[in-house]
Every structure is written in C-alpha cells, then in structure tokens.
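**Q** Hey, dropping query_29.cif in here, mmCIF, C-alpha atoms and all ligand atoms:
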```cif
data_input
loop_
_atom_site.label_atom_id
_atom_site.label_comp_id
_atom_site.auth_asym_id
_atom_site.auth_seq_id
_atom_site.Cartn_x
_atom_site.Cartn_y
_atom_site.Cartn_z
CA MET A 284 0.00 0.00 0.00
CA SER A 285 1.33 3.43 -0.83
CA GLU A 286 2.26 5.73 2.04
CA LEU A 287 -0.72 7.90 1.28
CA ILE A 288 -3.17 5.06 1.69
CA ALA A 289 -1.38 3.76 4.76
CA ALA A 290 -2.18 7.15 6.30
CA TYR A 291 -5.89 6.70 5.52
CA PRO A 292 -6.62 3.10 6.57
CA TRP A 293 -10.38 3.55 6.09
CA PHE A 294 -9.79 3.62 2.32
CA THR A 295 -7.86 0.34 2.20
CA GLU A 296 -10.82 -1.81 1.20
CA ARG A 297 -11.93 0.57 -1.57
CA PHE A 298 -8.38 0.80 -2.86
CA GLN A 299 -8.02 -2.96 -3.01
CA HIS A 300 -11.38 -3.31 -4.72
CA LEU A 301 -10.36 -0.86 -7.46
CA ALA A 302 -6.94 -2.50 -7.82
CA LYS A 303 -8.72 -5.85 -8.32
CA LEU A 304 -11.00 -4.38 -10.99
CA HIS A 305 -7.90 -3.08 -12.73
CA ALA A 306 -6.15 -6.46 -12.51
CA ASP A 307 -9.27 -8.12 -13.97
CA LYS A 308 -9.38 -5.48 -16.73
CA ARG A 309 -12.84 -4.42 -15.54
CA LEU A 310 -11.96 -0.90 -14.41
CA PRO A 311 -14.54 1.54 -15.84
CA HIS A 312 -13.56 4.79 -17.57
CA ALA A 313 -15.05 7.04 -14.95
CA LEU A 314 -15.48 6.75 -11.20
CA LEU A 315 -17.50 9.13 -9.05
CA ILE A 316 -15.98 9.04 -5.58
CA ASN A 317 -18.47 10.21 -2.99
CA GLY A 318 -18.26 10.59 0.78
CA MET A 319 -18.33 13.00 3.71
CA SER A 320 -16.10 16.05 3.32
CA GLY A 321 -12.79 16.11 5.15
CA ILE A 322 -12.00 12.39 5.13
CA GLY A 323 -9.29 12.43 2.42
CA LYS A 324 -11.16 11.43 -0.75
CA ALA A 325 -8.93 13.54 -3.01
CA SER A 326 -5.82 11.97 -1.49
CA PHE A 327 -7.37 8.57 -2.07
CA ALA A 328 -8.07 9.41 -5.72
CA LYS A 329 -4.51 10.70 -6.26
CA SER A 330 -3.09 7.67 -4.54
CA PHE A 331 -5.02 5.33 -6.83
CA ALA A 332 -3.86 7.42 -9.80
CA GLN A 333 -0.27 6.95 -8.68
CA TYR A 334 -0.84 3.21 -8.46
CA LEU A 335 -2.25 3.05 -12.01
CA LEU A 336 0.67 5.06 -13.34
CA CYS A 337 3.36 3.12 -11.44
CA GLN A 338 5.62 1.14 -13.76
CA SER A 339 6.33 -1.72 -11.35
CA PRO A 340 3.60 -2.04 -8.73
CA VAL A 341 4.27 -4.52 -5.93
CA ASN A 342 1.44 -6.48 -4.28
CA GLY A 343 -1.24 -4.09 -5.42
CA GLN A 344 0.80 -1.07 -4.32
CA SER A 345 2.70 1.61 -6.18
CA CYS A 346 6.45 1.04 -5.76
CA GLY A 347 7.38 4.61 -4.85
CA GLN A 348 10.68 4.25 -6.70
CA CYS A 349 10.12 4.04 -10.44
CA LYS A 350 10.36 7.05 -12.77
CA SER A 351 6.58 7.36 -12.74
CA CYS A 352 6.34 7.36 -8.94
CA GLU A 353 9.15 9.93 -8.80
CA LEU A 354 7.29 12.18 -11.23
CA ASN A 355 4.16 11.79 -9.13
CA ALA A 356 6.01 12.61 -5.93
CA ALA A 357 7.31 15.77 -7.62
CA GLY A 358 3.75 16.62 -8.73
CA SER A 359 4.80 16.69 -12.38
CA HIS A 360 3.59 13.44 -13.97
CA PRO A 361 2.66 14.25 -17.58
CA ASP A 362 -0.07 11.56 -17.64
CA LEU A 363 -1.88 12.84 -14.56
CA PHE A 364 -4.25 15.78 -14.97
CA LEU A 365 -5.64 17.46 -11.84
CA LEU A 366 -8.65 19.65 -12.48
CA SER A 367 -10.00 21.98 -9.78
CA PRO A 368 -11.56 25.46 -9.78
CA GLU A 369 -8.97 28.24 -9.99
CA GLU A 370 -10.23 29.55 -6.66
CA GLU A 371 -11.55 27.38 -3.84
CA GLY A 372 -15.33 27.46 -3.65
CA LYS A 373 -15.70 28.79 -7.20
CA GLN A 374 -16.98 26.97 -10.27
CA LEU A 375 -14.89 24.99 -12.71
CA LYS A 376 -14.68 27.03 -15.90
CA VAL A 377 -15.69 25.57 -19.22
CA ASP A 378 -12.28 26.55 -20.69
CA GLN A 379 -10.56 24.51 -18.00
CA VAL A 380 -12.61 21.45 -18.98
CA ARG A 381 -11.89 22.03 -22.68
CA ALA A 382 -8.15 22.08 -21.91
CA LEU A 383 -8.66 18.61 -20.48
CA GLY A 384 -9.78 17.43 -23.94
CA GLU A 385 -6.30 17.99 -25.35
CA PHE A 386 -4.87 15.80 -22.62
CA ILE A 387 -7.47 13.03 -22.93
CA TYR A 388 -7.11 12.65 -26.68
CA SER A 389 -3.32 12.70 -26.76
CA THR A 390 -1.07 9.65 -26.30
CA ALA A 391 0.18 8.79 -22.84
CA GLN A 392 3.73 10.09 -22.56
CA GLN A 393 4.95 7.32 -20.33
CA GLY A 394 3.18 4.72 -22.42
CA GLY A 395 0.68 3.61 -19.78
CA TYR A 396 -2.53 4.98 -18.32
CA ARG A 397 -3.72 8.54 -18.38
CA VAL A 398 -5.56 9.61 -15.24
CA VAL A 399 -7.70 12.66 -14.55
CA VAL A 400 -8.79 13.76 -11.08
CA ILE A 401 -11.64 16.30 -11.01
CA GLU A 402 -12.24 17.79 -7.59
CA PRO A 403 -14.81 18.76 -6.57
CA ALA A 404 -17.11 17.30 -9.22
CA ASP A 405 -19.97 19.44 -7.89
CA SER A 406 -18.16 22.60 -9.00
CA MET A 407 -19.18 22.08 -12.63
CA ASN A 408 -22.00 24.16 -14.04
CA ILE A 409 -24.07 23.01 -17.01
CA ALA A 410 -21.62 24.39 -19.60
CA SER A 411 -18.55 22.77 -18.06
CA ALA A 412 -20.43 19.52 -17.44
CA ASN A 413 -21.50 19.46 -21.09
CA ALA A 414 -17.90 19.93 -22.16
CA LEU A 415 -16.98 16.89 -20.09
CA LEU A 416 -19.81 14.60 -21.26
CA LYS A 417 -18.22 13.44 -24.49
CA MET A 418 -14.94 12.71 -22.74
CA LEU A 419 -16.83 10.64 -20.18
CA GLU A 420 -18.50 8.66 -22.93
CA GLU A 421 -15.46 8.05 -25.13
CA PRO A 422 -12.33 8.78 -23.17
CA GLY A 423 -10.13 6.48 -25.26
CA ALA A 424 -8.26 3.40 -24.12
CA ASP A 425 -6.38 3.23 -20.82
CA THR A 426 -7.88 6.43 -19.51
CA LEU A 427 -9.49 6.85 -16.11
CA ILE A 428 -11.44 9.91 -14.97
CA LEU A 429 -11.84 10.16 -11.19
CA LEU A 430 -14.46 12.63 -10.00
CA VAL A 431 -14.51 13.49 -6.31
CA THR A 432 -17.43 14.97 -4.39
CA SER A 433 -18.95 15.32 -0.95
CA LYS A 434 -22.05 17.02 -2.34
CA MET A 435 -23.60 14.30 -4.45
CA GLY A 436 -26.90 16.21 -4.63
CA GLN A 437 -25.13 18.95 -6.57
CA VAL A 438 -23.46 16.77 -9.17
CA LEU A 439 -25.42 17.06 -12.40
CA PRO A 440 -27.45 13.95 -13.29
CA THR A 441 -25.84 13.71 -16.75
CA ILE A 442 -22.45 13.32 -15.05
CA LYS A 443 -23.72 10.92 -12.39
CA SER A 444 -25.27 8.56 -14.91
CA ARG A 445 -22.00 8.18 -16.84
CA CYS A 446 -19.84 7.18 -13.89
CA GLN A 447 -19.54 4.13 -11.70
CA HIS A 448 -20.07 5.24 -8.09
CA VAL A 449 -17.64 4.58 -5.27
CA GLU A 450 -19.10 5.28 -1.81
CA CYS A 451 -16.41 6.06 0.76
CA PRO A 452 -16.77 5.03 4.40
CA ASN A 453 -16.12 7.43 7.28
CA PRO A 454 -13.13 6.71 9.49
CA SER A 455 -13.84 5.18 12.89
CA GLU A 456 -13.26 7.48 15.87
CA THR A 457 -9.98 5.73 16.68
CA GLU A 458 -8.75 5.97 13.09
CA ALA A 459 -9.64 9.66 12.95
CA ILE A 460 -7.95 10.39 16.30
CA ASN A 461 -4.78 8.55 15.25
CA TRP A 462 -4.68 10.40 11.94
CA LEU A 463 -5.12 13.79 13.59
CA MET A 464 -2.50 13.07 16.27
CA ALA A 465 -0.01 12.10 13.55
CA ALA A 466 -0.77 15.25 11.54
CA THR A 467 -0.64 17.68 14.48
CA ASP A 468 0.86 17.91 17.95
CA LEU A 469 -2.44 17.31 19.74
CA ASP A 470 -2.80 14.71 22.47
CA GLN A 471 -5.58 12.14 22.35
CA GLU A 472 -8.15 14.10 24.35
CA GLN A 473 -7.57 17.30 22.40
CA ALA A 474 -7.83 15.38 19.14
CA ARG A 475 -11.09 13.75 20.23
CA SER A 476 -12.59 17.05 21.27
CA ILE A 477 -11.66 18.83 18.02
CA LEU A 478 -12.95 15.91 15.96
CA HIS A 479 -16.31 16.16 17.74
CA ILE A 480 -16.53 19.79 16.68
CA ASN A 481 -15.71 18.78 13.09
CA ARG A 482 -18.17 15.92 12.57
CA GLY A 483 -15.46 13.31 13.02
CA ALA A 484 -13.76 14.37 9.76
CA PRO A 485 -9.97 14.38 10.31
CA LYS A 486 -9.00 16.73 7.47
CA GLU A 487 -11.68 19.17 8.47
CA ALA A 488 -10.27 19.07 12.00
CA GLN A 489 -6.80 19.79 10.65
CA LYS A 490 -8.15 22.73 8.68
CA TYR A 491 -9.86 23.94 11.85
CA ILE A 492 -6.52 23.97 13.66
CA ASP A 493 -4.40 25.37 10.82
CA GLY A 494 -6.99 28.00 9.90
CA GLY A 495 -7.28 29.26 13.48
CA LEU A 496 -11.02 28.53 13.40
CA SER A 497 -11.18 27.93 17.14
CA GLU A 498 -11.21 31.72 17.54
CA HIS A 499 -14.26 31.95 15.21
CA ARG A 500 -15.90 29.10 17.04
CA ALA A 501 -15.32 30.84 20.39
CA GLN A 502 -16.99 33.97 18.98
CA VAL A 503 -20.06 31.95 18.00
CA ILE A 504 -20.36 30.27 21.38
CA ARG A 505 -19.79 33.55 23.20
CA GLY A 506 -22.53 35.12 21.08
CA LEU A 507 -24.99 32.32 21.81
CA ALA A 508 -24.27 32.53 25.55
CA ASP A 509 -24.59 36.33 25.55
CA ILE A 510 -28.01 36.09 23.94
CA LEU A 511 -29.27 33.61 26.53
CA LYS A 512 -27.93 35.75 29.36
CA GLN A 513 -29.23 38.92 27.72
CA ARG A 514 -25.81 40.53 27.72
CA ARG A 515 -26.07 41.40 24.01
CA SER A 516 -29.01 41.67 21.66
CA VAL A 517 -29.69 39.30 18.79
CA ILE A 518 -28.89 42.11 16.33
CA GLU A 519 -25.54 42.84 17.97
CA VAL A 520 -24.51 39.20 17.96
CA ALA A 521 -25.63 38.75 14.34
CA GLN A 522 -23.48 41.75 13.40
CA SER A 523 -20.47 40.35 15.22
CA LEU A 524 -20.78 37.02 13.34
CA GLN A 525 -21.36 38.55 9.90
CA LYS A 526 -17.73 38.31 8.82
CA LEU A 527 -17.48 34.58 9.54
CA ASP A 528 -18.10 31.82 7.02
CA LEU A 529 -21.88 31.39 7.14
CA GLU A 530 -21.89 27.74 6.09
CA LEU A 531 -19.45 26.97 8.89
CA VAL A 532 -21.39 28.94 11.51
CA LEU A 533 -24.67 27.22 10.57
CA GLY A 534 -22.91 23.84 10.59
CA TRP A 535 -21.66 24.45 14.12
CA LEU A 536 -25.04 25.68 15.25
CA TYR A 537 -26.66 22.56 13.81
CA SER A 538 -24.24 20.27 15.68
CA LEU A 539 -24.77 22.21 18.90
CA LEU A 540 -28.55 21.89 18.55
CA SER A 541 -28.27 18.18 17.75
CA ASP A 542 -26.27 17.81 20.93
CA VAL A 543 -28.90 19.68 22.96
CA ALA A 544 -31.65 17.55 21.43
CA ARG A 545 -29.82 14.32 22.24
CA CYS A 546 -29.12 15.51 25.77
CA ALA A 547 -32.74 16.61 26.34
CA ALA A 548 -34.13 13.36 24.96
CA CYS A 549 -32.06 11.05 27.15
CA GLU A 550 -31.59 13.49 30.06
CA ASP A 551 -27.93 12.61 30.15
CA ALA A 552 -25.30 15.36 30.08
CA ASP A 553 -22.67 12.74 29.18
CA SER A 554 -24.24 12.44 25.74
CA LEU A 555 -22.93 15.93 24.91
CA ARG A 556 -20.14 15.74 22.36
CA GLN A 557 -19.29 19.43 21.98
CA ASP A 558 -17.09 19.86 25.05
CA ASP A 559 -16.40 23.53 24.47
CA ALA A 560 -20.02 24.53 25.10
CA ARG A 561 -20.96 21.95 27.70
CA ASN A 562 -22.40 24.24 30.40
CA MET A 563 -24.53 26.26 28.03
CA LEU A 564 -25.86 23.20 26.22
CA THR A 565 -26.72 21.40 29.45
CA ALA A 566 -28.64 24.45 30.68
CA VAL A 567 -30.58 24.75 27.43
CA ALA A 568 -31.35 21.02 27.36
CA LYS A 569 -32.80 21.20 30.89
CA LYS A 570 -35.05 24.17 30.29
CA THR A 571 -36.30 23.74 26.74
CA ASP A 572 -39.07 21.83 25.06
CA PRO A 573 -37.31 19.29 22.73
CA VAL A 574 -39.87 20.06 20.00
CA LYS A 575 -38.56 23.64 19.85
CA ILE A 576 -34.99 22.39 19.56
CA PHE A 577 -35.83 20.04 16.69
CA LYS A 578 -37.72 22.79 14.90
CA LEU A 579 -34.79 25.17 15.11
CA ALA A 580 -32.31 22.44 14.12
CA ASP A 581 -34.40 21.75 11.00
CA LYS A 582 -34.48 25.42 10.14
CA VAL A 583 -30.71 25.77 10.54
CA HIS A 584 -30.21 22.68 8.38
CA GLU A 585 -32.41 24.12 5.63
CA GLU A 586 -30.70 27.51 5.73
CA ARG A 587 -27.31 25.84 5.54
CA ARG A 588 -28.39 23.85 2.52
CA ALA A 589 -29.52 27.03 0.80
CA VAL A 590 -26.12 28.60 1.51
CA MET A 591 -24.36 25.52 0.11
CA LEU A 592 -26.45 25.78 -3.04
CA ARG A 593 -24.99 29.28 -3.40
CA GLN A 594 -28.33 31.03 -3.05
CA ASN A 595 -26.54 34.05 -1.50
CA PRO A 596 -28.93 35.02 1.31
CA ASN A 597 -28.87 38.27 3.26
CA LYS A 598 -26.39 37.27 5.97
CA GLN A 599 -27.45 39.67 8.69
CA LEU A 600 -31.13 38.86 8.23
CA LEU A 601 -30.57 35.12 8.19
CA LEU A 602 -28.42 35.22 11.33
CA GLU A 603 -30.93 37.43 13.15
CA CYS A 604 -33.74 35.11 12.22
CA VAL A 605 -31.95 32.01 13.49
CA LEU A 606 -30.59 33.71 16.62
CA LEU A 607 -34.02 35.05 17.48
CA GLU A 608 -35.30 31.49 17.65
CA TRP A 609 -32.25 30.53 19.69
CA ALA A 610 -33.19 33.30 22.15
CA GLY A 611 -36.71 31.89 22.17
CA LEU A 612 -35.52 28.47 23.36
CA LEU A 613 -35.44 29.65 26.96
CA LYS A 614 -38.73 31.52 26.85
ZN ZN B 701 6.30 3.00 -9.13
#
```
Please go through the file and, once you have read it, give me the structure as structure tokens.
**A**
Amino acid sequence: MSELIAAYPWFTERFQHLAKLHADKRLPHALLINGMSGIGKASFAKSFAQYLLCQSPVNGQSCGQCKSCELNAAGSHPDLFLLSPEEEGKQLKVDQVRALGEFIYSTAQQGGYRVVVIEPADSMNIASANALLKMLEEPGADTLILLVTSKMGQVLPTIKSRCQHVECPNPSETEAINWLMAATDLDQEQARSILHINRGAPKEAQKYIDGGLSEHRAQVIRGLADILKQRRSVIEVAQSLQKLDLELVLGWLYSLLSDVARCAACEDADSLRQDDARNMLTAVAKKTDPVKIFKLADKVHEERRAVMLRQNPNKQLLLECVLLEWAGLLK
C-alpha cells in the first residue's frame, strides 16, 4: 500500500477493490468518488492514480521508486491531470474542462494509463459539465477519470449517470484520532474534542486547527451565551458574526442543537459531544421543550443547505432570524 493510503486506513478496502478491478481489466472509464467532506477522498483518488501510473507495482501497491512514482512525488507526472476550480469554492470554468480534452485525446507520454482527477465534481455548471460529457463517454483506451465529491446532490445527473459510483466510508473514531495526532501535535483528548466539533472528519479538524477557526468558534459560542444571558441583543450578535463563514457557523449551530436535542431526549449530560459549550448546552437542554430544539435544528439545516447551493442570502437577516429562535428556546 502506498504511504498515502497507509495514512488513511479507512480507504484500504476501496483501494483494493479498485486494484482488483484493474487487474481483472474491468476498471470503468469514470469513477465518481463520494463521501463525507474532510476524510481524504482527493488523497485517495490521487493515490489510486499513482498506483495506475506506477511502472512496477508490488502487491497491489505503487512502488514509490520508479520514474513514474518519482514524477508523481514531484507533482509533475505528464499523464496525470488534476482539475479543480482556480479559486476554492468557485466553479470549474468551461475553458478549464476544454483544456482537459487535449490531454485526454493525446497519447500517454509514459506509455501507460492517463488519469484525470476532477475535484470537486460538484463545481461544474451546465456548460462545463456538457464539455466533459463526451470525454466521459469516449475517453479512449487506458484512460481513467476520477471525479470526487462530498455534495452528491449537486453533481449534475448527466455526469452521475456516466460514472460508476464509489461510496467512501467514514473513518472510525480511533482511526480519525490517530490520523489527527499524527498530523498535528495534539494529544488524544484534544484530538477527540476537536474531531467532535468537526463531525469526526480528520482533514476538516486539521483545517480547523491550521486556519485558526477555534477563535471563530469561540466567537459563536460567546454570542450564543450572551443572547441567553441577555448581555447582548440578537442584532448585535448577528453583526459580530457577519464576517465569519456562514456555512461553517450554521454547521456548528446545527451540531450544537443536535447535541442539545440528544441531551434533552435522554436526560444525560454525558451524551454531549461538543465539550467547548458543555455548560450552556446542558442548561438549554434542561429548560427547553425538545420540539422547539428540533424545529430550530431543521431550520438551521435548511438555511445551511440554501447557503451551500450558493443562493446568496442576506447574511445579517438570516443570522438574526436564526438567533431570534435561539433566544426563544429559553422563553
Ligand atoms: Zn512505481
């Protein structure tokens, strides 16, 4: 197994399955790799690409030593094409997809496979998806297109129907903790706590640490507490949170509410997973009607979905609306 896959043990089975398909000459032309965000799907796709391109694989693993593996390690393999939006969070441009055509219909320079990794596959609009369709249908021999997504609902149906789907499993809690400890200098308890905040997704947790998001998170929790204690108004708190990433804030709020709901339903404070807001969540769980919590959690979920679908809402208004209901939980 390549080093990359050794680092993500939860992908081992999928990797071996694909390697077997390849050995049996049954590997399709296009794979749509789907799974929760932040678990390493793109690394998995690149690792499988490296394996396909390796000139002397050993026991279903890339060797790490041949010319091809060296080129891959240097990020300059001529038969590997990585396609992502020019800016994170933006759409893949139709010109970028067209440039892929030149690659797909040329001869492999190292004489083996040609591999394309498109990530995220949900960043294609109708024009760029259309440009890709023909390549998906007739990519030529020994060509594999790997499309990676964590937002399957946003991948266009025309793309979906032309790919074989690979569903990725989530890491177990132990696997995720071990990964995060190896990637950072956190101890086990810190790693567990940060993973709970980040839905158990190790790469998301790493981003949380590297991006200094704990400060943003603290702002959100402080704001929620201030509203309950009537230290600041809903409008003031909404203003203070305006500059933060709305999708992230709503995601946190949703997890916090899910925690409160779980705690209220089983009347057990130990069921709380978000350690950094324990006191506030316990208090809310004790005093609130669970129906109200579920209603607000649903609303937050819906609003977050709308934000993910890029329906640019009025941030201040949306935050006020949600925070007003949060304030209402204790009334
Ligand atoms: Zn090799």
**Q** With only C-alpha atoms and all ligand atoms counted, collect every polymer residue having an atom within 9 Å of ligand ZN 701 (chain B); state the result as a list in words.
**A**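 After applying the 9 Å limit, what remains is Gln333, Tyr334, Leu336, Cys337, Gln338, Ser339, Pro340, Val341, Gln344, Ser345, Cys346, Gly347, Gln348, Cys349, Lys350, Ser351, Cys352 and Glu353 of chain A.
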**Q** For atom CA of A:Ala508 and atom CA of A:Met563, quote the distance in Å rounded to one decimal.
**A** 6.7 Å
**Q** Identify which of the residues A:Val380, A:Leu579, A:Ala290, A:Met418 lies closest to A:Cys604, counting all atoms listed in the file when measuring atom-to-atom distances.
**A**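 Ranking A:Val380, A:Leu579, A:Ala290, A:Met418 by distance to A:Cys604, first place goes to A:Leu579.
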**Q** At a cut-off of 8 Å, using only C-alpha atoms, what residues contact stretch 538-548 of chain A? Leave out same-chain residues fewer than 5 positions from it and give the result as a PyMOL selection string.
**A** chain A and resi 480+553-557+564-565+567-569+571+573+576-577+579-580
**Q** Have a look at A:Gln599, A:Ser389, A:Gln473, A:Ser444 and name the one nearest to A:Ile492; count all atoms listed in the file.
**A**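 The answer is A:Gln473, which sits nearest to A:Ile492.
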**Q** Between atom CA of A:Leu533 and atom CA of A:Ala610, what is the spacing in Å?
**A**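 That distance, rounded to one decimal, is 15.6 Å.
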**Q** Quick one: residues within 7 Å of stretch 396-407 of chain A, only C-alpha atoms, excluding same-chain residues fewer than 5 positions away - as number ranges by chain?
**A** A: 328, 332, 335-336, 362-367, 373-375, 391, 412, 425-432, 434, 437-438
**Q** Could you check the closest approach to A:Ala424 for each of A:Ile387, A:Ala382, A:Leu478, A:Ala356 and tell me which residue wins, using all atoms listed in the file?
**A**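 Of all the options, A:Ile387 lies closest to A:Ala424.
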**Q** Find the residues around A:Gln471 up to 7 Å (only C-alpha atoms counted), leave out those fewer than 4 positions away in its own chain, and share them as a PyMOL selection string.
**A** chain A and resi 460+464+475
**Q** So, with only C-alpha atoms as the atoms that count, which of A:Lys443, A:Pro361, A:Thr457, A:Pro368 lies closest to A:Pro292?
**A**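 So, comparing all the options, the nearest one is A:Thr457.
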**Q** One number please: atom CA of A:Gly436 to atom CA of A:Leu496, in Å, one decimal.
**A**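 Interatomic distance, atom CA of A:Gly436 to atom CA of A:Leu496: 27.0 Å.
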**Q** When you count all atoms listed in the file, which of these residues is closest to A:Ala414: A:Glu458, A:Asp378, A:Glu472, A:Glu603?
**A**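 Closest residue, counting all atoms listed in the file: A:Asp378.
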**Q** Rank nothing, just name the residue among A:Leu602, A:Met435, A:Leu463, A:Leu592 nearest to A:Gly318, using all atoms listed in the file.
**A**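 Closest to A:Gly318, using all atoms listed in the file: A:Met435.
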**Q** Given the point (-36.7, 31.0, 21.2) in the file's coordinates, find the residues that have an atom at most 10 Å from it, counting all atoms listed in the file, and give them as a list in words.
**A**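 Collected hits near the coordinates: Leu511, Thr571, Lys575, Ile576, Leu579, Val605, Leu606, Leu607, Glu608, Trp609, Ala610, Gly611, Leu612, Leu613 and Lys614 of chain A.
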**Q** Would you compute, for all listed atoms of stretch 379-384 of chain A, the axis-aligned bounding box grown by 3 Å on each side, and then report its centre and edge lengths in Å rounded to one decimal, as AutoDock Vina command-line options?
**A**
```
--center_x -10.4 --center_y 21.0 --center_z -21.0 --size_x 10.5 --size_y 13.1 --size_z 11.9
```
**Q** Can you tell me which residues surround A:Tyr388 at a distance of at most 9 Å, considering only C-alpha atoms, apart from same-chain residues fewer than 5 positions away, and format the answer as number ranges by chain?
**A** A: 383, 418, 422-423
**Q** Kindly write all heavy atoms of stretch 490-499 of chain A from the structure just given to a file, as a CSV table (one decimal), in the first residue's frame.
**A**
```
chain,number,residue,atom,x,y,z
A,490,LYS,N,-7.9,21.4,9.2
A,490,LYS,CA,-8.1,22.7,8.7
A,490,LYS,C,-8.6,23.7,9.8
A,490,LYS,O,-8.2,24.9,9.8
A,490,LYS,CB,-9.3,22.6,7.6
A,490,LYS,CG,-9.0,23.4,6.4
A,490,LYS,CD,-9.9,22.9,5.2
A,490,LYS,CE,-11.0,23.8,4.8
A,490,LYS,NZ,-11.8,23.3,3.8
A,491,TYR,N,-9.4,23.2,10.7
A,491,TYR,CA,-9.9,23.9,11.8
A,491,TYR,C,-8.7,24.5,12.7
A,491,TYR,O,-8.7,25.6,13.1
A,491,TYR,CB,-10.8,23.0,12.7
A,491,TYR,CG,-11.3,23.6,13.9
A,491,TYR,CD1,-12.5,24.3,13.9
A,491,TYR,CD2,-10.7,23.4,15.2
A,491,TYR,CE1,-13.1,24.8,15.1
A,491,TYR,CE2,-11.3,23.9,16.3
A,491,TYR,CZ,-12.4,24.6,16.3
A,491,TYR,OH,-13.0,25.2,17.4
A,492,ILE,N,-7.7,23.6,12.9
A,492,ILE,CA,-6.5,24.0,13.7
A,492,ILE,C,-5.6,24.9,12.9
A,492,ILE,O,-5.3,26.0,13.3
A,492,ILE,CB,-5.7,22.7,14.0
A,492,ILE,CG1,-6.6,21.8,14.9
A,492,ILE,CG2,-4.4,23.1,14.8
A,492,ILE,CD1,-6.0,20.4,15.0
A,493,ASP,N,-5.3,24.5,11.6
A,493,ASP,CA,-4.4,25.4,10.8
A,493,ASP,C,-5.0,26.7,10.5
A,493,ASP,O,-4.3,27.7,10.4
A,493,ASP,CB,-4.1,24.7,9.5
A,493,ASP,CG,-3.2,23.4,9.8
A,493,ASP,OD1,-2.7,23.3,10.9
A,493,ASP,OD2,-3.1,22.6,8.8
A,494,GLY,N,-6.3,26.8,10.3
A,494,GLY,CA,-7.0,28.0,9.9
A,494,GLY,C,-7.3,28.9,11.1
A,494,GLY,O,-8.0,29.9,10.9
A,495,GLY,N,-7.0,28.5,12.3
A,495,GLY,CA,-7.3,29.3,13.5
A,495,GLY,C,-8.8,29.4,13.7
A,495,GLY,O,-9.3,30.4,14.2
A,496,LEU,N,-9.6,28.4,13.3
A,496,LEU,CA,-11.0,28.5,13.4
A,496,LEU,C,-11.5,28.5,14.8
A,496,LEU,O,-12.7,28.8,15.1
A,496,LEU,CB,-11.7,27.5,12.5
A,496,LEU,CG,-11.5,27.6,11.0
A,496,LEU,CD1,-12.2,26.5,10.3
A,496,LEU,CD2,-12.0,29.0,10.6
A,497,SER,N,-10.7,28.0,15.8
A,497,SER,CA,-11.2,27.9,17.1
A,497,SER,C,-11.6,29.3,17.6
A,497,SER,O,-12.5,29.5,18.5
A,497,SER,CB,-10.1,27.3,18.0
A,497,SER,OG,-8.9,28.1,18.0
A,498,GLU,N,-10.9,30.4,17.1
A,498,GLU,CA,-11.2,31.7,17.5
A,498,GLU,C,-12.6,32.1,17.0
A,498,GLU,O,-13.4,32.7,17.7
A,498,GLU,CB,-10.1,32.7,17.0
A,498,GLU,CG,-10.3,34.1,17.4
A,498,GLU,CD,-10.7,34.3,18.9
A,498,GLU,OE1,-10.0,33.6,19.8
A,498,GLU,OE2,-11.6,35.0,19.1
A,499,HIS,N,-12.9,31.7,15.8
A,499,HIS,CA,-14.3,32.0,15.2
A,499,HIS,C,-15.3,31.2,16.0
A,499,HIS,O,-16.4,31.7,16.3
A,499,HIS,CB,-14.3,31.5,13.7
A,499,HIS,CG,-13.4,32.3,12.9
A,499,HIS,ND1,-13.4,32.2,11.5
A,499,HIS,CD2,-12.5,33.3,13.2
A,499,HIS,CE1,-12.5,33.0,11.0
A,499,HIS,NE2,-11.9,33.7,12.0
```
